[in-house]
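Next comes run_17.pdb, with PDB, C-alpha atoms.
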```
ATOM      1  CA  MET A   1       0.000   0.000   0.000  1.00  0.00           C
ATOM      2  CA  ARG A   2       2.867   2.354   0.773  1.00  0.00           C
ATOM      3  CA  ILE A   3       4.396   1.729  -2.685  1.00  0.00           C
ATOM      4  CA  CYS A   4       1.028   2.396  -4.365  1.00  0.00           C
ATOM      5  CA  ALA A   5       0.627   5.634  -2.442  1.00  0.00           C
ATOM      6  CA  LEU A   6       4.087   6.657  -3.626  1.00  0.00           C
ATOM      7  CA  LEU A   7       3.025   6.039  -7.232  1.00  0.00           C
ATOM      8  CA  VAL A   8       0.052   8.351  -6.750  1.00  0.00           C
ATOM      9  CA  LEU A   9       2.316  11.034  -5.294  1.00  0.00           C
ATOM     10  CA  LEU A  10       4.751  10.741  -8.198  1.00  0.00           C
ATOM     11  CA  LEU A  11       1.919  11.071 -10.717  1.00  0.00           C
ATOM     12  CA  SER A  12       0.697  14.200  -8.930  1.00  0.00           C
ATOM     13  CA  LEU A  13       4.174  15.695  -8.889  1.00  0.00           C
ATOM     14  CA  GLN A  14       4.461  15.294 -12.674  1.00  0.00           C
ATOM     15  CA  VAL A  15       1.858  18.031 -13.011  1.00  0.00           C
ATOM     16  CA  SER A  16       3.795  20.338 -10.682  1.00  0.00           C
ATOM     17  CA  SER A  17       7.075  19.877 -12.525  1.00  0.00           C
ATOM     18  CA  ALA A  18       5.538  20.121 -16.004  1.00  0.00           C
ATOM     19  CA  ARG A  19       3.537  23.310 -15.646  1.00  0.00           C
ATOM     20  CA  GLY A  20       4.978  26.789 -15.984  1.00  0.00           C
ATOM     21  CA  GLU A  21       4.855  29.141 -13.024  1.00  0.00           C
ATOM     22  CA  ASP A  22       3.188  31.971 -14.950  1.00  0.00           C
ATOM     23  CA  SER A  23       0.738  30.104 -17.153  1.00  0.00           C
ATOM     24  CA  PRO A  24      -0.340  26.701 -15.835  1.00  0.00           C
ATOM     25  CA  ASP A  25      -1.757  24.308 -18.412  1.00  0.00           C
ATOM     26  CA  PHE A  26      -5.066  23.618 -16.696  1.00  0.00           C
ATOM     27  CA  ASP A  27      -6.314  21.304 -19.459  1.00  0.00           C
ATOM     28  CA  ALA A  28      -3.300  19.049 -19.027  1.00  0.00           C
ATOM     29  CA  ALA A  29      -3.607  19.272 -15.250  1.00  0.00           C
ATOM     30  CA  ARG A  30      -7.231  18.111 -15.383  1.00  0.00           C
ATOM     31  CA  LEU A  31      -6.280  15.088 -17.482  1.00  0.00           C
ATOM     32  CA  GLN A  32      -3.505  14.246 -15.040  1.00  0.00           C
ATOM     33  CA  MET A  33      -5.982  14.600 -12.153  1.00  0.00           C
ATOM     34  CA  LEU A  34      -8.199  11.997 -13.839  1.00  0.00           C
ATOM     35  CA  ARG A  35      -5.255   9.612 -14.236  1.00  0.00           C
ATOM     36  CA  VAL A  36      -4.514   9.914 -10.517  1.00  0.00           C
ATOM     37  CA  ILE A  37      -8.182   9.337  -9.639  1.00  0.00           C
ATOM     38  CA  ARG A  38      -8.241   6.191 -11.803  1.00  0.00           C
ATOM     39  CA  LEU A  39      -5.097   4.906 -10.100  1.00  0.00           C
ATOM     40  CA  GLU A  40      -6.389   5.628  -6.586  1.00  0.00           C
ATOM     41  CA  THR A  41      -9.656   3.920  -7.465  1.00  0.00           C
ATOM     42  CA  LEU A  42      -7.753   0.770  -8.373  1.00  0.00           C
ATOM     43  CA  ILE A  43      -5.569   1.000  -5.268  1.00  0.00           C
ATOM     44  CA  THR A  44      -8.585   1.236  -2.954  1.00  0.00           C
ATOM     45  CA  SER A  45     -10.849  -1.155  -4.856  1.00  0.00           C
ATOM     46  CA  ASP A  46     -10.415  -3.924  -2.287  1.00  0.00           C
ATOM     47  CA  VAL A  47     -11.944  -1.571   0.297  1.00  0.00           C
ATOM     48  CA  THR A  48     -14.508   0.364  -1.753  1.00  0.00           C
ATOM     49  CA  GLY A  49     -15.628  -2.507  -3.962  1.00  0.00           C
ATOM     50  CA  ILE A  50     -15.362  -0.471  -7.174  1.00  0.00           C
ATOM     51  CA  GLN A  51     -12.790  -0.837  -9.926  1.00  0.00           C
ATOM     52  CA  ALA A  52     -13.617   2.374 -11.793  1.00  0.00           C
ATOM     53  CA  ILE A  53     -15.391   5.661 -11.205  1.00  0.00           C
ATOM     54  CA  ASP A  54     -18.501   6.239 -13.336  1.00  0.00           C
ATOM     55  CA  ALA A  55     -17.341   7.645 -16.690  1.00  0.00           C
ATOM     56  CA  ARG A  56     -19.962  10.407 -16.455  1.00  0.00           C
ATOM     57  CA  VAL A  57     -18.455  11.587 -13.180  1.00  0.00           C
ATOM     58  CA  LEU A  58     -14.967  11.681 -14.673  1.00  0.00           C
ATOM     59  CA  ALA A  59     -16.275  13.560 -17.706  1.00  0.00           C
ATOM     60  CA  ALA A  60     -17.843  16.153 -15.405  1.00  0.00           C
ATOM     61  CA  MET A  61     -14.575  16.507 -13.480  1.00  0.00           C
ATOM     62  CA  ASN A  62     -12.737  17.007 -16.761  1.00  0.00           C
ATOM     63  CA  LYS A  63     -15.130  19.812 -17.648  1.00  0.00           C
ATOM     64  CA  VAL A  64     -15.510  21.758 -14.391  1.00  0.00           C
ATOM     65  CA  PRO A  65     -12.696  24.348 -14.040  1.00  0.00           C
ATOM     66  CA  ARG A  66     -11.624  23.517 -10.487  1.00  0.00           C
ATOM     67  CA  HIS A  67      -9.035  26.321 -10.581  1.00  0.00           C
ATOM     68  CA  GLU A  68     -11.915  28.812 -10.726  1.00  0.00           C
ATOM     69  CA  PHE A  69     -13.177  27.585  -7.349  1.00  0.00           C
ATOM     70  CA  VAL A  70     -10.073  28.284  -5.260  1.00  0.00           C
ATOM     71  CA  ALA A  71      -8.219  31.443  -4.322  1.00  0.00           C
ATOM     72  CA  PRO A  72      -5.972  32.685  -7.163  1.00  0.00           C
ATOM     73  CA  PRO A  73      -2.691  31.802  -5.369  1.00  0.00           C
ATOM     74  CA  LEU A  74      -3.932  28.197  -5.098  1.00  0.00           C
ATOM     75  CA  ALA A  75      -5.049  27.899  -8.732  1.00  0.00           C
ATOM     76  CA  PRO A  76      -1.773  26.232  -9.899  1.00  0.00           C
ATOM     77  CA  TYR A  77      -2.448  23.458  -7.342  1.00  0.00           C
ATOM     78  CA  ALA A  78      -6.172  23.059  -8.031  1.00  0.00           C
ATOM     79  CA  TYR A  79      -5.851  19.711  -9.815  1.00  0.00           C
ATOM     80  CA  GLU A  80      -3.485  17.999  -7.421  1.00  0.00           C
ATOM     81  CA  ASP A  81      -4.989  15.238  -5.327  1.00  0.00           C
ATOM     82  CA  THR A  82      -5.255  17.164  -2.103  1.00  0.00           C
ATOM     83  CA  PRO A  83      -7.914  19.171  -0.271  1.00  0.00           C
ATOM     84  CA  LEU A  84      -7.484  22.931  -0.552  1.00  0.00           C
ATOM     85  CA  PRO A  85      -8.620  25.562   1.970  1.00  0.00           C
ATOM     86  CA  VAL A  86     -11.732  27.610   1.257  1.00  0.00           C
ATOM     87  CA  ASP A  87     -12.154  29.292   4.643  1.00  0.00           C
ATOM     88  CA  VAL A  88     -11.412  28.637   8.302  1.00  0.00           C
ATOM     89  CA  ASP A  89     -12.376  24.995   9.003  1.00  0.00           C
ATOM     90  CA  GLN A  90     -13.594  24.492   5.429  1.00  0.00           C
ATOM     91  CA  ASN A  91     -11.868  22.819   2.487  1.00  0.00           C
ATOM     92  CA  VAL A  92     -12.755  21.740  -1.001  1.00  0.00           C
ATOM     93  CA  ALA A  93     -12.371  17.957  -0.929  1.00  0.00           C
ATOM     94  CA  GLN A  94      -9.482  16.238  -2.657  1.00  0.00           C
ATOM     95  CA  PRO A  95     -10.458  15.210  -6.203  1.00  0.00           C
ATOM     96  CA  PHE A  96     -10.410  11.454  -5.523  1.00  0.00           C
ATOM     97  CA  ILE A  97     -12.796  11.784  -2.573  1.00  0.00           C
ATOM     98  CA  ALA A  98     -15.039  14.146  -4.560  1.00  0.00           C
ATOM     99  CA  ALA A  99     -15.109  11.607  -7.394  1.00  0.00           C
ATOM    100  CA  LEU A 100     -15.894   8.739  -5.023  1.00  0.00           C
ATOM    101  CA  MET A 101     -18.722  10.562  -3.239  1.00  0.00           C
ATOM    102  CA  THR A 102     -20.245  11.661  -6.528  1.00  0.00           C
ATOM    103  CA  HIS A 103     -19.938   8.154  -7.964  1.00  0.00           C
ATOM    104  CA  PHE A 104     -21.886   6.654  -5.065  1.00  0.00           C
ATOM    105  CA  LEU A 105     -24.666   9.240  -5.369  1.00  0.00           C
ATOM    106  CA  GLN A 106     -25.536   7.769  -8.816  1.00  0.00           C
ATOM    107  CA  VAL A 107     -26.991  11.071 -10.024  1.00  0.00           C
ATOM    108  CA  LYS A 108     -29.069  10.959 -13.208  1.00  0.00           C
ATOM    109  CA  PRO A 109     -30.151  13.840 -15.460  1.00  0.00           C
ATOM    110  CA  GLY A 110     -33.177  15.537 -13.944  1.00  0.00           C
ATOM    111  CA  ASP A 111     -32.502  14.340 -10.389  1.00  0.00           C
ATOM    112  CA  ILE A 112     -33.122  16.737  -7.522  1.00  0.00           C
ATOM    113  CA  VAL A 113     -30.083  16.787  -5.231  1.00  0.00           C
ATOM    114  CA  PHE A 114     -29.371  18.455  -1.892  1.00  0.00           C
ATOM    115  CA  GLU A 115     -25.884  19.077  -0.522  1.00  0.00           C
ATOM    116  CA  THR A 116     -24.701  20.466   2.790  1.00  0.00           C
ATOM    117  CA  GLU A 117     -22.036  23.187   2.970  1.00  0.00           C
ATOM    118  CA  THR A 118     -21.673  24.741  -0.467  1.00  0.00           C
ATOM    119  CA  ASP A 119     -18.175  26.038   0.437  1.00  0.00           C
ATOM    120  CA  CYS A 120     -16.683  27.203  -2.900  1.00  0.00           C
ATOM    121  CA  GLY A 121     -19.388  25.587  -5.072  1.00  0.00           C
ATOM    122  CA  TYR A 122     -17.177  23.001  -6.803  1.00  0.00           C
ATOM    123  CA  GLU A 123     -19.216  19.918  -5.873  1.00  0.00           C
ATOM    124  CA  ALA A 124     -22.442  21.708  -6.809  1.00  0.00           C
ATOM    125  CA  ALA A 125     -20.933  22.382 -10.243  1.00  0.00           C
ATOM    126  CA  LEU A 126     -20.065  18.681 -10.657  1.00  0.00           C
ATOM    127  CA  LEU A 127     -23.619  17.678  -9.769  1.00  0.00           C
ATOM    128  CA  ALA A 128     -25.014  20.250 -12.201  1.00  0.00           C
ATOM    129  CA  GLU A 129     -22.758  18.889 -14.957  1.00  0.00           C
ATOM    130  CA  LEU A 130     -24.388  15.509 -14.336  1.00  0.00           C
ATOM    131  CA  GLY A 131     -27.766  17.082 -15.099  1.00  0.00           C
ATOM    132  CA  ALA A 132     -29.033  17.491 -11.534  1.00  0.00           C
ATOM    133  CA  HIS A 133     -31.080  20.331 -10.104  1.00  0.00           C
ATOM    134  CA  VAL A 134     -28.960  21.206  -7.076  1.00  0.00           C
ATOM    135  CA  TYR A 135     -30.026  22.810  -3.810  1.00  0.00           C
ATOM    136  CA  SER A 136     -27.054  23.709  -1.653  1.00  0.00           C
ATOM    137  CA  MET A 137     -26.996  25.031   1.918  1.00  0.00           C
ATOM    138  CA  GLU A 138     -24.032  26.961   3.355  1.00  0.00           C
ATOM    139  CA  ILE A 139     -23.720  28.092   6.995  1.00  0.00           C
ATOM    140  CA  SER A 140     -21.568  31.110   6.089  1.00  0.00           C
ATOM    141  CA  GLY A 141     -23.442  33.899   4.362  1.00  0.00           C
ATOM    142  CA  GLN A 142     -20.209  35.250   2.923  1.00  0.00           C
ATOM    143  CA  LEU A 143     -19.267  31.888   1.395  1.00  0.00           C
ATOM    144  CA  ALA A 144     -22.828  31.317   0.156  1.00  0.00           C
ATOM    145  CA  ASP A 145     -22.892  34.667  -1.651  1.00  0.00           C
ATOM    146  CA  ALA A 146     -19.441  34.106  -3.156  1.00  0.00           C
ATOM    147  CA  ALA A 147     -20.303  30.573  -4.318  1.00  0.00           C
ATOM    148  CA  ALA A 148     -23.621  31.673  -5.829  1.00  0.00           C
ATOM    149  CA  ALA A 149     -21.910  34.486  -7.741  1.00  0.00           C
ATOM    150  CA  ARG A 150     -19.144  32.149  -8.943  1.00  0.00           C
ATOM    151  CA  LEU A 151     -21.566  29.459 -10.094  1.00  0.00           C
ATOM    152  CA  ASN A 152     -23.653  32.041 -11.920  1.00  0.00           C
ATOM    153  CA  ARG A 153     -20.565  33.520 -13.595  1.00  0.00           C
ATOM    154  CA  LEU A 154     -19.500  30.077 -14.791  1.00  0.00           C
ATOM    155  CA  GLY A 155     -22.943  29.316 -16.184  1.00  0.00           C
ATOM    156  CA  TYR A 156     -24.262  26.829 -13.607  1.00  0.00           C
ATOM    157  CA  ARG A 157     -27.879  27.974 -13.570  1.00  0.00           C
ATOM    158  CA  ASP A 158     -29.331  24.781 -12.079  1.00  0.00           C
ATOM    159  CA  VAL A 159     -27.775  25.415  -8.666  1.00  0.00           C
ATOM    160  CA  ALA A 160     -29.611  27.291  -5.903  1.00  0.00           C
ATOM    161  CA  VAL A 161     -27.560  28.371  -2.891  1.00  0.00           C
ATOM    162  CA  ARG A 162     -29.024  29.383   0.458  1.00  0.00           C
ATOM    163  CA  THR A 163     -27.500  30.472   3.764  1.00  0.00           C
ATOM    164  CA  GLY A 164     -28.484  28.161   6.601  1.00  0.00           C
ATOM    165  CA  ASP A 165     -27.812  25.005   8.592  1.00  0.00           C
ATOM    166  CA  GLY A 166     -27.557  22.103   6.163  1.00  0.00           C
ATOM    167  CA  TYR A 167     -28.327  19.574   8.885  1.00  0.00           C
ATOM    168  CA  TYR A 168     -32.008  20.444   8.521  1.00  0.00           C
ATOM    169  CA  GLY A 169     -32.047  20.325   4.730  1.00  0.00           C
ATOM    170  CA  TRP A 170     -34.214  22.443   2.436  1.00  0.00           C
ATOM    171  CA  ALA A 171     -37.587  20.787   2.782  1.00  0.00           C
ATOM    172  CA  GLU A 172     -39.574  22.867   0.293  1.00  0.00           C
ATOM    173  CA  HIS A 173     -37.565  21.467  -2.632  1.00  0.00           C
ATOM    174  CA  GLY A 174     -37.644  17.847  -1.479  1.00  0.00           C
ATOM    175  CA  PRO A 175     -38.009  14.999  -1.512  1.00  0.00           C
ATOM    176  CA  TYR A 176     -34.558  14.482  -3.003  1.00  0.00           C
ATOM    177  CA  ASP A 177     -33.228  11.754  -5.261  1.00  0.00           C
ATOM    178  CA  ALA A 178     -29.804  12.124  -3.660  1.00  0.00           C
ATOM    179  CA  ILE A 179     -28.304  13.948  -0.686  1.00  0.00           C
ATOM    180  CA  LEU A 180     -24.613  14.631  -0.130  1.00  0.00           C
ATOM    181  CA  VAL A 181     -23.352  15.455   3.352  1.00  0.00           C
ATOM    182  CA  LYS A 182     -19.847  16.859   2.988  1.00  0.00           C
ATOM    183  CA  GLU A 183     -18.886  17.102   6.658  1.00  0.00           C
ATOM    184  CA  ALA A 184     -18.593  14.713   9.570  1.00  0.00           C
ATOM    185  CA  VAL A 185     -21.835  13.742  11.323  1.00  0.00           C
ATOM    186  CA  ASP A 186     -22.370  11.225  14.132  1.00  0.00           C
ATOM    187  CA  GLY A 187     -25.141   9.583  12.143  1.00  0.00           C
ATOM    188  CA  PRO A 188     -27.413  10.271   9.176  1.00  0.00           C
ATOM    189  CA  PRO A 189     -29.306  13.482  10.068  1.00  0.00           C
ATOM    190  CA  GLU A 190     -32.961  12.617  10.646  1.00  0.00           C
ATOM    191  CA  PRO A 191     -34.261  15.741   8.853  1.00  0.00           C
ATOM    192  CA  LEU A 192     -32.281  14.747   5.755  1.00  0.00           C
ATOM    193  CA  LEU A 193     -33.466  11.138   5.891  1.00  0.00           C
ATOM    194  CA  ALA A 194     -37.032  12.465   5.975  1.00  0.00           C
ATOM    195  CA  GLN A 195     -36.328  14.515   2.824  1.00  0.00           C
ATOM    196  CA  LEU A 196     -34.784  11.573   0.929  1.00  0.00           C
ATOM    197  CA  LYS A 197     -37.061   9.871  -1.608  1.00  0.00           C
ATOM    198  CA  PRO A 198     -37.763   6.146  -1.342  1.00  0.00           C
ATOM    199  CA  GLY A 199     -35.172   4.624  -3.643  1.00  0.00           C
ATOM    200  CA  GLY A 200     -32.844   7.572  -3.039  1.00  0.00           C
ATOM    201  CA  ARG A 201     -29.390   7.576  -1.522  1.00  0.00           C
ATOM    202  CA  MET A 202     -27.327   9.714   0.808  1.00  0.00           C
ATOM    203  CA  VAL A 203     -23.543   9.777   1.035  1.00  0.00           C
ATOM    204  CA  ALA A 204     -21.981  11.050   4.257  1.00  0.00           C
ATOM    205  CA  PRO A 205     -18.835  10.749   6.393  1.00  0.00           C
ATOM    206  CA  ILE A 206     -20.162   9.098   9.568  1.00  0.00           C
ATOM    207  CA  GLY A 207     -18.200   9.362  12.791  1.00  0.00           C
ATOM    208  CA  PRO A 208     -16.855  11.806  15.361  1.00  0.00           C
ATOM    209  CA  GLY A 209     -15.688  15.174  14.046  1.00  0.00           C
ATOM    210  CA  SER A 210     -12.559  14.976  16.183  1.00  0.00           C
ATOM    211  CA  SER A 211     -11.144  11.847  14.518  1.00  0.00           C
ATOM    212  CA  GLU A 212     -11.522   9.526  11.545  1.00  0.00           C
ATOM    213  CA  GLN A 213     -14.918   8.871   9.967  1.00  0.00           C
ATOM    214  CA  VAL A 214     -16.193   6.297   7.486  1.00  0.00           C
ATOM    215  CA  LEU A 215     -17.601   7.360   4.146  1.00  0.00           C
ATOM    216  CA  THR A 216     -21.029   5.749   4.180  1.00  0.00           C
ATOM    217  CA  VAL A 217     -23.718   5.140   1.565  1.00  0.00           C
ATOM    218  CA  ILE A 218     -27.247   5.263   3.004  1.00  0.00           C
ATOM    219  CA  GLU A 219     -30.113   3.978   0.864  1.00  0.00           C
ATOM    220  CA  LYS A 220     -33.835   4.297   1.533  1.00  0.00           C
ATOM    221  CA  ASP A 221     -35.919   1.436   0.161  1.00  0.00           C
ATOM    222  CA  ALA A 222     -39.447   1.665  -1.241  1.00  0.00           C
ATOM    223  CA  ALA A 223     -40.932   0.956   2.191  1.00  0.00           C
ATOM    224  CA  GLY A 224     -38.882   3.695   3.849  1.00  0.00           C
ATOM    225  CA  GLY A 225     -36.331   1.353   5.408  1.00  0.00           C
ATOM    226  CA  VAL A 226     -32.770   2.653   5.681  1.00  0.00           C
ATOM    227  CA  HIS A 227     -29.733   0.567   4.756  1.00  0.00           C
ATOM    228  CA  ARG A 228     -26.106   1.621   5.345  1.00  0.00           C
ATOM    229  CA  ARG A 229     -22.888   0.506   3.677  1.00  0.00           C
ATOM    230  CA  SER A 230     -19.439   1.546   4.848  1.00  0.00           C
ATOM    231  CA  VAL A 231     -17.026   2.455   2.060  1.00  0.00           C
ATOM    232  CA  LEU A 232     -13.726   4.015   3.125  1.00  0.00           C
ATOM    233  CA  PRO A 233     -12.062   5.684   6.129  1.00  0.00           C
ATOM    234  CA  VAL A 234     -11.971   9.473   5.634  1.00  0.00           C
ATOM    235  CA  ARG A 235     -11.383  12.610   7.642  1.00  0.00           C
ATOM    236  CA  PHE A 236     -13.735  15.592   7.362  1.00  0.00           C
ATOM    237  CA  THR A 237     -14.360  18.613   9.549  1.00  0.00           C
ATOM    238  CA  PRO A 238     -17.655  18.570  11.525  1.00  0.00           C
ATOM    239  CA  LEU A 239     -20.904  19.782   9.977  1.00  0.00           C
ATOM    240  CA  GLN A 240     -21.296  23.321  11.281  1.00  0.00           C
ATOM    241  CA  GLY A 241     -24.575  24.559  12.676  1.00  0.00           C
ATOM    242  CA  GLY A 242     -26.731  25.018  15.742  1.00  0.00           C
ATOM    243  CA  GLU A 243     -28.381  22.604  18.138  1.00  0.00           C
ATOM    244  CA  ARG A 244     -29.160  19.154  16.772  1.00  0.00           C
ATOM    245  CA  ILE A 245     -32.370  17.257  17.265  1.00  0.00           C
TER     246      ILE A 245
END
```

Step by step, read the file and then write its structure as structure tokens.
Amino acid sequence: MRICALLVLLLSLQVSSARGEDSPDFDAARLQMLRVIRLETLITSDVTGIQAIDARVLAAMNKVPRHEFVAPPLAPYAYEDTPLPVDVDQNVAQPFIAALMTHFLQVKPGDIVFETETDCGYEAALLAELGAHVYSMEISGQLADAAAARLNRLGYRDVAVRTGDGYYGWAEHGPYDAILVKEAVDGPPEPLLAQLKPGGRMVAPIGPGSSEQVLTVIEKDAAGGVHRRSVLPVRFTPLQGGERI
């Protein structure tokens, strides 16, 4: 496993050494990002149970300009396989984890999707590229306004952003075909489970915010029963908000 991780690092470093300081080749960097994601998917397949990320997800990641979603000084590093800071206690997820979460959501064109914590808007853009109508909740009004303006500027019109506590969802637009929780929660939030359609799925990092969590796929069957499947150990910051029910 250590040797495989080294291979991933070396592939990532090829982008750093190949690009110019003044004018990064973002198209080449995106293609290299996809190669790293494919490799990491194979490396972790014995844990996740998948050999390849959905081709539609990879196509969306090849199209969304991730460098537009980070601060300008970080743009040359936007396609490396690492999380990047958005604000205090908030990051845009590393590309492999973003790909994995999106893969497990199984979003189809026309689906209605809710996500917690818009942060910079990158994941919302991926979901929109997959044809979803996205409703995104962000606890920080400043980040929500910035993400909404960025998404609008880049042409993502099927994303609505609202300031609020994502733990409680956005009930008036539900029920949802898919829900993505992008921060650590102790368990699937009950308000979000209530807003998930029968046959829908939620992806969330389940576990304490102070240590490692497990990326978990939660499916609701036609009778309303909830089934959970653990995927991969991850580490996310806690879902921010007020008192929990």

Closest of A:Asp158, A:Asp111, A:Asp25, A:Asp177 to A:Ala124 - atom-to-atom distances counting all atoms listed in the file: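 Answer, going by the shortest atom-to-atom distance: A:Asp158.
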
Step by step, work through what the PyMOL selection byres ((chain A and resi 132-145) around 8) selects in the shown file, and finish by giving those residues as a PyMOL selection string. chain A and resi 107-120+124+127-131+146-149+158-166+169-170+173+240-241

Could you tell me, as a CSV table (one decimal) with C-alpha atoms, in the coordinates of the input, exactly which residues end up selected when the PyMOL selection byres ((chain A and resi 190-196) around 6) is applied to this structure?
```csv
chain,number,residue,atom,x,y,z
A,168,TYR,CA,-32.0,20.4,8.5
A,169,GLY,CA,-32.0,20.3,4.7
A,174,GLY,CA,-37.6,17.8,-1.5
A,175,PRO,CA,-38.0,15.0,-1.5
A,176,TYR,CA,-34.6,14.5,-3.0
A,189,PRO,CA,-29.3,13.5,10.1
A,197,LYS,CA,-37.1,9.9,-1.6
A,200,GLY,CA,-32.8,7.6,-3.0
```

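Our summary of the geometry notes that atom CA of A:Gln213 is positioned 25.6 Å from atom CA of A:Pro198.
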
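By chain and then residue number, the residues within 10 Å of A:His103 are Ile50, Ala52, Ile53, Asp54, Ala55, Arg56, Val57, Leu58, Ile97, Ala98, Ala99, Leu100, Gln106, Val107 and Val203 of chain A, counting all atoms listed in the file and disregarding those fewer than 3 positions away in sequence.
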
Residue list as JSON, numbers by chain for point (-7.5, 1.8, -9.4), cut-off 12 Å, all atoms listed in the file: {"A": [4, 5, 7, 8, 34, 35, 36, 37, 38, 39, 40, 41, 42, 43, 44, 45, 46, 47, 48, 49, 50, 51, 52, 53, 96, 100]}

Write out as JSON an axis-aligned box for stretch 103-110 of chain A: all of its atoms listed in the file, 4 Å added on each side, centre and edge lengths in Å with one decimal.
```
{"center_x": -26.6, "center_y": 11.1, "center_z": -10.3, "size_x": 21.2, "size_y": 16.9, "size_z": 18.4}
```

Kindly give the distance, in Å, that separates atom CA of A:Ala178 and atom CA of A:Val86, rounded to a single decimal. 24.3 Å

All residues 6 Å or closer to A:Ala29, all atoms listed in the file, same chain fewer than 3 positions away omitted, as a VMD selection string: chain A and resid 26 32 79

Quick one: pull the distance between atom CA of A:Ala125 and atom CA of A:Met61, Å, one decimal. 9.2 Å

Starting from the shown file, work through the PyMOL selection byres ((chain A and resi 71) around 12) and note down what comes out as a VMD selection string. chain A and resid 66 to 70 72 to 78 84 to 87 91 to 92 120 146 150

Select, from A:Gly242, A:Gly199, A:Pro95, A:Gly209, the residue with the minimum atom-to-atom distance to A:Asp221, counting all atoms listed in the file. A:Gly199

Determine the nearest neighbour of A:Pro65 from the options A:Val217, A:Ser23, A:Met101, A:Gly121, counting only C-alpha atoms.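 The closest residue to A:Pro65 is A:Gly121.
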
For A:Pro83, which residue among A:Gly187, A:Val64, A:Tyr122, A:Gly155 is the nearest when counting all atoms listed in the file? A:Tyr122
